[in-house]
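Visitor: Submitted below is the structure of interest, expressed as structure tokens.
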Amino acid sequence: MILSNTTWGKAVLAAAVGLTMTTAPAAAETPQTDFEFDQRVRDALLRNPDIILEAFALLEAKEEAAKAVKDQELIAKVADELFEGLDPEKPILVEFQDYNCGYCRRAHPVVASLKETMPDLQLVLMETPVLGKESTFTAKAALALKALKGVDAYREFSDAMMSVQGKASAATTIRTLAELSHDPEEVTAAVQEGLGAEDLEKAKRLAAALGATGTPYFVGPGGIIRGAAPADRLQEITVKPEAEDPESN
């Protein structure tokens, strides 16, 4: 049985037995064998199977809480650089993305819808090409375009590449640039000159500090979400959680 092979599984059994046996009539203590104790555990769990689920739910909640605390510690270490130039009074969402990541493409319309419902949302895209050279070229082109033409042009190109047919590659990047009325040769030359390289290095450094080894990876003042998530879950991390009032406990 899986539970007996884990420390926390044993804790669940102990908790379940304790809960189910508290209502047993008092009796004189007598020595009991391991077999007798195991039998009592089995009988108690058969009578109250829901207790195992409740105990597991409590343990999972405790683990999630501990994880949230660690995530806040990670964010605090890089908050100044990660949220640089942003208004701390408004919601913030940072997304580490790769144009060839299928999950990033699925998350893209979710993030777009969130931005529509939250006009004051400060969305920051971090180019994190983890899926090879083609992803790296597209990311470099996007950042070079940003340096040349500004944030609006960059966002338009990023949106287009997230919905491009097929893989993000040099060919689809150049075609998309042309379709958006940009000069592919100018952008390619800017890539070769290293324009936007600092932004790419910054994203790489922050990704490493935050443990973002895959994409998408969302970070906000309120926490970290590893992978795609629904809009309401993303919204939760866009603001820092309110400190709990110790007098309320």
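Numbering starts fresh at 1 for the residues of each chain in the structure tokens, the chains themselves are lettered A, B, ... in the order given, and ligands are numbered from 1 as they appear.
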If you run DSSP on this backbone, which residues of segment 58-201 of chain A come out as strand (DSSP E or B), and could you give them as a list in words?

Guide: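 Answer for segment 58-201 of chain A, restricted to strand (DSSP E or B): Ile92, Leu93, Val94, Glu95, Phe96, Gln97, Gln122, Leu123, Val124, Leu125, Met126 and Glu127 of chain A.
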
Visitor: Skip segment 151-168 of chain A itself and residues of its chain fewer than 3 positions away, then list as number ranges by chain all residues within 12 Å of it, counting only C-alpha atoms.

Guide: A: 97-109, 111-112, 123-127, 129, 131-148, 171-182, 187, 196

Visitor: Which of these residues is nearest to Glu64 of chain A, using only C-alpha atoms: A:Ala231, A:Thr215, A:Ala203, A:Gly223?

Guide: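 Of the candidates, the smallest distance to Glu64 of chain A is held by A:Gly223.
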
Visitor: With distances taken over only C-alpha atoms, which of A:Gly150, A:Thr213, A:Leu86, A:Ala68 is nearest to Leu121 of chain A?

Guide: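 Residue with the minimum atom-to-atom distance to Leu121 of chain A: A:Leu86.
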
Visitor: Distance atom CA of Pro221 of chain A-atom CA of Glu198 of chain A, one decimal place?

Guide: 23.6 Å

Visitor: Could you please write out, as a PyMOL selection string, every residue of segment 82-179 of chain A that DSSP assigns to helix (DSSP H, G or I)?

Guide: chain A and resi 82+102-117+133-149+151-162+170-179

Visitor: Out of A:Leu114, A:Leu200, A:Ala170, A:Leu206, which residue has the shortest atom-to-atom distance to Glu236 of chain A when counting only C-alpha atoms?

Guide: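 Distance minimum relative to Glu236 of chain A lands on A:Leu114.
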
Visitor: Please compute the atom CA of Leu45 of chain A-atom CA of Ala61 of chain A distance, one decimal, in Å.

Guide: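 Taking atom CA of Leu45 of chain A as the start and atom CA of Ala61 of chain A as the end point, the length is 21.7 Å.
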
Visitor: To one decimal place in Å, what is the distance between atom CA of Gly222 of chain A and atom CA of Glu73 of chain A?

Guide: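 Those two atoms sit 11.2 Å apart.
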
Visitor: Pick the closest to Gly214 of chain A from A:Asp183, A:Glu242, A:Glu116, A:Glu95: which is it, counting only C-alpha atoms?

Guide: A:Glu95

Visitor: I want to know what sits within 6 Å of segment 225-228 of chain A, based on only C-alpha atoms, with residues of the same chain fewer than 6 positions away left out; could you give that as a PyMOL selection string?

Guide: chain A and resi 107+216-218

Visitor: For a quick check of understanding, using only C-alpha atoms, which of A:Ile75, A:Ala55, A:Ala65, A:Val110 has the smallest distance to Pro230 of chain A?

Guide: A:Val110
